[in-house]
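K.L.:
One file: model_7.pdb (PDB, C-alpha atoms).
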```
ATOM      1  CA  MET A 931       0.000   0.000   0.000  1.00  0.00           C
ATOM      2  CA  THR A 932       1.347   3.419  -0.910  1.00  0.00           C
ATOM      3  CA  ARG A 933       0.194   6.772   0.415  1.00  0.00           C
ATOM      4  CA  PRO A 934       1.184   9.540  -2.041  1.00  0.00           C
ATOM      5  CA  PRO A 935       2.781  11.934  -2.102  1.00  0.00           C
ATOM      6  CA  LEU A 936       5.934   9.928  -1.507  1.00  0.00           C
ATOM      7  CA  PRO A 937       9.322  11.068  -0.226  1.00  0.00           C
ATOM      8  CA  PRO A 938      11.609  12.731  -1.011  1.00  0.00           C
ATOM      9  CA  PHE A 939       9.313  15.704  -0.520  1.00  0.00           C
ATOM     10  CA  THR A 940       9.291  18.996  -2.375  1.00  0.00           C
ATOM     11  CA  GLU A 941       7.643  22.040  -0.859  1.00  0.00           C
ATOM     12  CA  ALA A 942       4.518  21.372  -2.931  1.00  0.00           C
ATOM     13  CA  THR A 943       4.288  17.683  -1.983  1.00  0.00           C
ATOM     14  CA  ALA A 944       5.013  18.436   1.691  1.00  0.00           C
ATOM     15  CA  VAL A 945       2.150  20.964   1.721  1.00  0.00           C
ATOM     16  CA  GLN A 946      -0.068  18.363   0.041  1.00  0.00           C
ATOM     17  CA  LYS A 947       0.884  15.746   2.687  1.00  0.00           C
ATOM     18  CA  VAL A 948       0.140  18.183   5.532  1.00  0.00           C
ATOM     19  CA  ARG A 949      -3.277  19.081   4.121  1.00  0.00           C
ATOM     20  CA  ALA A 950      -4.128  15.410   3.597  1.00  0.00           C
ATOM     21  CA  ALA A 951      -3.279  14.729   7.248  1.00  0.00           C
ATOM     22  CA  GLU A 952      -5.357  17.714   8.395  1.00  0.00           C
ATOM     23  CA  ASP A 953      -8.344  16.584   6.326  1.00  0.00           C
ATOM     24  CA  ALA A 954      -8.080  13.023   7.631  1.00  0.00           C
ATOM     25  CA  TRP A 955      -7.886  14.113  11.290  1.00  0.00           C
ATOM     26  CA  ASN A 956     -10.840  16.458  10.778  1.00  0.00           C
ATOM     27  CA  SER A 957     -12.875  13.420   9.666  1.00  0.00           C
ATOM     28  CA  ARG A 958     -12.510  12.075  13.228  1.00  0.00           C
ATOM     29  CA  ASP A 959     -12.467   8.566  11.737  1.00  0.00           C
ATOM     30  CA  PRO A 960      -9.762   6.603  13.615  1.00  0.00           C
ATOM     31  CA  GLU A 961      -9.798   3.639  11.210  1.00  0.00           C
ATOM     32  CA  ARG A 962      -9.373   5.869   8.154  1.00  0.00           C
ATOM     33  CA  ILE A 963      -6.653   7.902   9.832  1.00  0.00           C
ATOM     34  CA  SER A 964      -4.701   4.835  10.954  1.00  0.00           C
ATOM     35  CA  LEU A 965      -4.167   3.790   7.325  1.00  0.00           C
ATOM     36  CA  ALA A 966      -1.790   6.737   6.800  1.00  0.00           C
ATOM     37  CA  TYR A 967       0.609   5.171   9.329  1.00  0.00           C
ATOM     38  CA  SER A 968       2.868   2.149   8.968  1.00  0.00           C
ATOM     39  CA  GLU A 969       1.751  -1.058  10.713  1.00  0.00           C
ATOM     40  CA  ASP A 970       4.388  -0.447  13.411  1.00  0.00           C
ATOM     41  CA  SER A 971       4.198   3.362  13.495  1.00  0.00           C
ATOM     42  CA  TRP A 972       5.587   4.859  16.706  1.00  0.00           C
ATOM     43  CA  TRP A 973       4.086   7.968  18.321  1.00  0.00           C
ATOM     44  CA  ARG A 974       4.852  10.245  21.187  1.00  0.00           C
ATOM     45  CA  ASN A 975       1.747  12.330  21.764  1.00  0.00           C
ATOM     46  CA  ARG A 976       2.265  14.650  24.728  1.00  0.00           C
ATOM     47  CA  SER A 977       3.330  12.174  27.427  1.00  0.00           C
ATOM     48  CA  GLN A 978       1.723   9.129  25.798  1.00  0.00           C
ATOM     49  CA  PHE A 979       3.535   6.572  23.677  1.00  0.00           C
ATOM     50  CA  VAL A 980       1.601   4.616  21.044  1.00  0.00           C
ATOM     51  CA  THR A 981       2.855   1.870  18.721  1.00  0.00           C
ATOM     52  CA  GLY A 982       0.988   0.265  15.826  1.00  0.00           C
ATOM     53  CA  ARG A 983      -2.281   0.845  14.013  1.00  0.00           C
ATOM     54  CA  PRO A 984      -4.582  -0.861  16.547  1.00  0.00           C
ATOM     55  CA  ALA A 985      -3.131   1.339  19.318  1.00  0.00           C
ATOM     56  CA  ILE A 986      -3.524   4.415  17.099  1.00  0.00           C
ATOM     57  CA  VAL A 987      -7.211   3.593  16.589  1.00  0.00           C
ATOM     58  CA  ARG A 988      -7.718   3.149  20.348  1.00  0.00           C
ATOM     59  CA  PHE A 989      -5.859   6.385  21.085  1.00  0.00           C
ATOM     60  CA  LEU A 990      -7.870   8.432  18.571  1.00  0.00           C
ATOM     61  CA  THR A 991     -11.172   6.904  19.670  1.00  0.00           C
ATOM     62  CA  GLY A 992     -10.464   7.974  23.259  1.00  0.00           C
ATOM     63  CA  LYS A 993      -9.243  11.381  22.116  1.00  0.00           C
ATOM     64  CA  TRP A 994     -12.515  12.238  20.400  1.00  0.00           C
ATOM     65  CA  GLU A 995     -14.602  10.873  23.242  1.00  0.00           C
ATOM     66  CA  ALA A 996     -13.016  13.622  25.381  1.00  0.00           C
ATOM     67  CA  GLU A 997     -12.296  16.371  22.810  1.00  0.00           C
ATOM     68  CA  LEU A 998     -15.718  17.249  21.418  1.00  0.00           C
ATOM     69  CA  ASP A 999     -16.461  19.319  18.281  1.00  0.00           C
ATOM     70  CA  TYR A1000     -12.774  19.023  17.326  1.00  0.00           C
ATOM     71  CA  ARG A1001     -11.500  21.170  14.445  1.00  0.00           C
ATOM     72  CA  LEU A1002      -7.843  21.212  13.380  1.00  0.00           C
ATOM     73  CA  VAL A1003      -5.625  23.417  11.207  1.00  0.00           C
ATOM     74  CA  LYS A1004      -2.075  22.319  10.283  1.00  0.00           C
ATOM     75  CA  GLU A1005       0.667  24.311   8.576  1.00  0.00           C
ATOM     76  CA  LEU A1006       3.949  23.173   7.053  1.00  0.00           C
ATOM     77  CA  TRP A1007       6.927  24.332   9.106  1.00  0.00           C
ATOM     78  CA  ALA A1008       9.865  22.555   7.422  1.00  0.00           C
ATOM     79  CA  PHE A1009      10.684  19.480   5.334  1.00  0.00           C
ATOM     80  CA  THR A1010      13.598  17.483   3.989  1.00  0.00           C
ATOM     81  CA  GLY A1011      13.776  14.107   2.287  1.00  0.00           C
ATOM     82  CA  ASP A1012      11.461  11.841   4.268  1.00  0.00           C
ATOM     83  CA  VAL A1013      10.769  14.222   7.188  1.00  0.00           C
ATOM     84  CA  ILE A1014       8.081  16.894   7.613  1.00  0.00           C
ATOM     85  CA  ALA A1015       7.642  19.283  10.550  1.00  0.00           C
ATOM     86  CA  VAL A1016       4.293  20.976  11.118  1.00  0.00           C
ATOM     87  CA  ARG A1017       2.744  23.385  13.543  1.00  0.00           C
ATOM     88  CA  PHE A1018      -0.920  23.154  14.320  1.00  0.00           C
ATOM     89  CA  ALA A1019      -3.799  24.370  16.413  1.00  0.00           C
ATOM     90  CA  TYR A1020      -7.090  22.722  17.159  1.00  0.00           C
ATOM     91  CA  GLU A1021     -10.177  23.719  19.078  1.00  0.00           C
ATOM     92  CA  TYR A1022     -12.502  21.509  21.087  1.00  0.00           C
ATOM     93  CA  HIS A1023     -14.690  21.529  24.156  1.00  0.00           C
ATOM     94  CA  ASP A1024     -14.935  19.078  27.017  1.00  0.00           C
ATOM     95  CA  ALA A1025     -18.087  17.373  28.312  1.00  0.00           C
ATOM     96  CA  ALA A1026     -18.731  20.310  30.659  1.00  0.00           C
ATOM     97  CA  GLY A1027     -18.754  22.736  27.695  1.00  0.00           C
ATOM     98  CA  ALA A1028     -15.407  24.435  28.402  1.00  0.00           C
ATOM     99  CA  TRP A1029     -13.566  25.394  25.184  1.00  0.00           C
ATOM    100  CA  PHE A1030      -9.840  24.972  24.540  1.00  0.00           C
ATOM    101  CA  ARG A1031      -7.349  25.705  21.805  1.00  0.00           C
ATOM    102  CA  ALA A1032      -4.439  23.302  21.635  1.00  0.00           C
ATOM    103  CA  TYR A1033      -1.190  24.526  20.060  1.00  0.00           C
ATOM    104  CA  GLY A1034       1.511  22.159  18.960  1.00  0.00           C
ATOM    105  CA  ASN A1035       4.340  20.995  16.781  1.00  0.00           C
ATOM    106  CA  GLU A1036       4.798  17.613  15.157  1.00  0.00           C
ATOM    107  CA  ASN A1037       7.776  15.928  13.544  1.00  0.00           C
ATOM    108  CA  TRP A1038       6.940  13.191  11.056  1.00  0.00           C
ATOM    109  CA  ARG A1039       9.122  10.553   9.345  1.00  0.00           C
ATOM    110  CA  PHE A1040       7.856   8.546   6.354  1.00  0.00           C
ATOM    111  CA  ASP A1041       8.845   5.292   4.704  1.00  0.00           C
ATOM    112  CA  ALA A1042       9.328   4.905   0.931  1.00  0.00           C
ATOM    113  CA  ASP A1043       5.611   4.088   0.544  1.00  0.00           C
ATOM    114  CA  GLY A1044       4.570   7.420   2.087  1.00  0.00           C
ATOM    115  CA  LEU A1045       3.349   5.873   5.350  1.00  0.00           C
ATOM    116  CA  MET A1046       4.258   7.725   8.533  1.00  0.00           C
ATOM    117  CA  THR A1047       6.599   5.637  10.670  1.00  0.00           C
ATOM    118  CA  HIS A1048       7.216   8.171  13.464  1.00  0.00           C
ATOM    119  CA  ARG A1049       5.136  10.993  14.930  1.00  0.00           C
ATOM    120  CA  HIS A1050       6.465  13.203  17.724  1.00  0.00           C
ATOM    121  CA  ALA A1051       3.815  15.665  19.002  1.00  0.00           C
ATOM    122  CA  SER A1052       4.256  18.392  21.609  1.00  0.00           C
ATOM    123  CA  ILE A1053       0.956  20.037  22.549  1.00  0.00           C
ATOM    124  CA  ASN A1054      -0.237  22.712  24.983  1.00  0.00           C
ATOM    125  CA  ASP A1055      -3.896  23.436  25.773  1.00  0.00           C
ATOM    126  CA  VAL A1056      -5.169  26.939  26.488  1.00  0.00           C
ATOM    127  CA  ALA A1057      -8.661  27.587  27.831  1.00  0.00           C
ATOM    128  CA  ILE A1058     -10.634  29.977  25.597  1.00  0.00           C
ATOM    129  CA  ASP A1059     -14.078  31.530  25.684  1.00  0.00           C
ATOM    130  CA  ALA A1060     -16.509  30.152  23.115  1.00  0.00           C
ATOM    131  CA  ALA A1061     -16.619  33.665  21.607  1.00  0.00           C
ATOM    132  CA  ASP A1062     -12.852  33.459  20.946  1.00  0.00           C
ATOM    133  CA  ARG A1063     -13.069  30.396  18.731  1.00  0.00           C
ATOM    134  CA  ARG A1064     -11.451  30.825  15.304  1.00  0.00           C
ATOM    135  CA  PHE A1065     -12.319  27.549  13.578  1.00  0.00           C
ATOM    136  CA  HIS A1066     -15.865  27.627  12.249  1.00  0.00           C
ATOM    137  CA  TRP A1067     -16.916  25.080   9.664  1.00  0.00           C
ATOM    138  CA  ASP A1068     -19.292  22.156   9.533  1.00  0.00           C
ATOM    139  CA  ALA A1069     -17.619  19.254  11.269  1.00  0.00           C
ATOM    140  CA  PRO A1070     -16.616  16.558  11.125  1.00  0.00           C
ATOM    141  CA  GLY A1071     -15.138  17.255   7.744  1.00  0.00           C
ATOM    142  CA  PRO A1072     -12.310  19.084   6.025  1.00  0.00           C
ATOM    143  CA  ARG A1073     -11.557  22.747   6.559  1.00  0.00           C
ATOM    144  CA  PRO A1074     -13.042  24.632   3.602  1.00  0.00           C
ATOM    145  CA  ALA A1075     -10.517  25.875   1.048  1.00  0.00           C
ATOM    146  CA  ASP A1076     -11.457  29.500   1.776  1.00  0.00           C
ATOM    147  CA  HIS A1077     -11.104  29.179   5.570  1.00  0.00           C
ATOM    148  CA  PRO A1078      -7.951  30.982   6.764  1.00  0.00           C
ATOM    149  CA  GLY A1079      -4.911  29.026   7.895  1.00  0.00           C
ATOM    150  CA  LEU A1080      -2.853  29.535  11.033  1.00  0.00           C
ATOM    151  CA  SER A1081      -0.728  32.371   9.694  1.00  0.00           C
ATOM    152  CA  GLU A1082      -3.737  34.234   8.313  1.00  0.00           C
ATOM    153  CA  LEU A1083      -5.457  33.901  11.700  1.00  0.00           C
ATOM    154  CA  GLY A1084      -2.420  35.222  13.551  1.00  0.00           C
ATOM    155  CA  LEU A1085      -1.917  31.901  15.318  1.00  0.00           C
TER     156      LEU A1085
END
```
Rewrite the structure of this file - the entire thing - as structure tokens.
P.N.:
Amino acid sequence: MTRPPLPPFTEATAVQKVRAAEDAWNSRDPERISLAYSEDSWWRNRSQFVTGRPAIVRFLTGKWEAELDYRLVKELWAFTGDVIAVRFAYEYHDAAGAWFRAYGNENWRFDADGLMTHRHASINDVAIDAADRRFHWDAPGPRPADHPGLSELGL
């Protein structure tokens, strides 16, 4: 199974890979998302360590049971060969209705088939008022093409 675009990345293909990841995560479909990762993909997500597709599915299922009305925007930070670095922000609320914006950075490594083998994510949550939300589109689903990105939003 291949997952284009494949490394080595150009700026255009790195941007395409980042947007594909953003769109997949905005689907909130753990099974679909897991297919972008190698069978033995290794993650560090905050202080959690996850290995393999079944663990990725379990992790994402739990994530979206707690992070409700999730909407994510990713932006390319840097790339080289088989590595991409992104920065991102996402908004969600908890079961009590409190809203948060999570800010983070990820480092990704891909195999020759374009599957992500490593994902290192550092994330910080900031409480926000519902009126301060910046990500407004019908969800789950991809961010509309005309919705501003992180830089345009000053994030």
K.L.:
Contacts of Gly1034 of chain A at 6 Å or less, counting only C-alpha atoms, minus same-chain residues fewer than 4 places along, as a PyMOL selection string?
P.N.:
chain A and resi 1017-1018+1052-1053
K.L.:
Please enumerate the residues selected by the PyMOL selection byres ((chain A and resi 1024) around 9) when evaluated against the supplied file, formatted as an MDAnalysis selection string.
P.N.:
chainID A and resid 996:999 1022:1023 1025:1030
K.L.:
By how many Å are atom CA of Leu965 of chain A and atom CA of Leu1080 of chain A apart?
P.N.:
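For atom CA of Leu965 of chain A relative to atom CA of Leu1080 of chain A, the distance reads 26.0 Å.
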K.L.:
Nearest to Ala942 of chain A among A:Leu1006, A:Tyr1000, A:Ile963, A:Asp1012, with distances taken over only C-alpha atoms: which residue is it?
P.N.:
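The closest residue to Ala942 of chain A is A:Leu1006.
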K.L.:
Find the smallest box with edges along x, y and z containing every listed atom of segment 969-988 of chain A, then add 3 Å on each side and report centre and edge lengths in Å to one decimal, as AutoDock Vina command-line options.
P.N.:
```
--center_x -1.1 --center_y 6.8 --center_z 19.1 --size_x 19.3 --size_y 21.7 --size_z 22.7
```
K.L.:
Since I can't run it myself right now, could you work out what the PyMOL selection byres ((chain A and resi 1032) around 6) selects here and report it as a list in words?
P.N.:
Ala1019, Tyr1020, Arg1031, Tyr1033, Asn1054 and Asp1055 of chain A
K.L.:
Kindly save the residues from that selection, with C-alpha atoms included, as a compact mmCIF listing (two decimals), keeping the file's coordinate frame.
P.N.:
```
# COMPACT_ATOMS: atom_id res chain seq x y z
CA ALA A 1019 -3.80 24.37 16.41
CA TYR A 1020 -7.09 22.72 17.16
CA ARG A 1031 -7.35 25.70 21.80
CA TYR A 1033 -1.19 24.53 20.06
CA ASN A 1054 -0.24 22.71 24.98
CA ASP A 1055 -3.90 23.44 25.77
```
K.L.:
Would you pick out the contacts of segment 1063-1072 of chain A at 10 Å or less, using all atoms listed in the file, so that residues sharing its chain but fewer than 4 positions from it are not included, and give the list as JSON, numbers by chain?
P.N.:
{"A": [949, 950, 952, 953, 954, 955, 956, 957, 958, 959, 999, 1000, 1001, 1002, 1003, 1019, 1020, 1021, 1022, 1029, 1030, 1031, 1058, 1059, 1077, 1078, 1079, 1080, 1083, 1085]}
K.L.:
Taking only C-alpha atoms into account, which of A:Glu1082, A:Asp1076, A:Glu961, A:Glu995 comes nearest Arg983 of chain A?
P.N.:
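Of the candidates, the smallest distance to Arg983 of chain A is held by A:Glu961.
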K.L.:
Enter the distance from atom CA of Val1013 of chain A to atom CA of Glu941 of chain A, in Å, rounded to one decimal.
P.N.:
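Computing it gives 11.6 Å between the two atoms.
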K.L.:
How would you write, as a list in words, the residues chosen by the PyMOL selection byres ((chain A and resi 1038-1051) around 8) on this structure?
P.N.:
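The output of the PyMOL selection byres ((chain A and resi 1038-1051) around 8) on this file is Met931, Thr932, Arg933, Pro934, Pro935, Leu936, Pro937, Ala966, Tyr967, Ser968, Asp970, Ser971, Trp972, Trp973, Arg974, Asn975, Arg976, Asp1012, Val1013, Ile1014, Ala1015, Gly1034, Asn1035, Glu1036, Asn1037, Ser1052 and Ile1053 of chain A.
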K.L.:
If we count all atoms listed in the file, what is near Phe989 of chain A at a cut-off of 10 Å, once residues fewer than 3 positions away on the same chain are taken out, given as a short mmCIF file (atom, residue, chain, number, x, y, z; two decimals) with C-alpha atoms, in the coordinates of the input?
P.N.:
```cif
data_model
loop_
_atom_site.label_atom_id
_atom_site.label_comp_id
_atom_site.auth_asym_id
_atom_site.auth_seq_id
_atom_site.Cartn_x
_atom_site.Cartn_y
_atom_site.Cartn_z
CA PRO A 960 -9.76 6.60 13.62
CA ASN A 975 1.75 12.33 21.76
CA GLN A 978 1.72 9.13 25.80
CA PHE A 979 3.54 6.57 23.68
CA VAL A 980 1.60 4.62 21.04
CA ARG A 983 -2.28 0.84 14.01
CA PRO A 984 -4.58 -0.86 16.55
CA ALA A 985 -3.13 1.34 19.32
CA ILE A 986 -3.52 4.42 17.10
CA GLY A 992 -10.46 7.97 23.26
CA LYS A 993 -9.24 11.38 22.12
CA TRP A 994 -12.52 12.24 20.40
#
```
K.L.:
For a test of reading the model, state the distance in Å between atom CA of Val1056 of chain A and atom CA of Val987 of chain A, rounded to one decimal.
P.N.:
25.4 Å
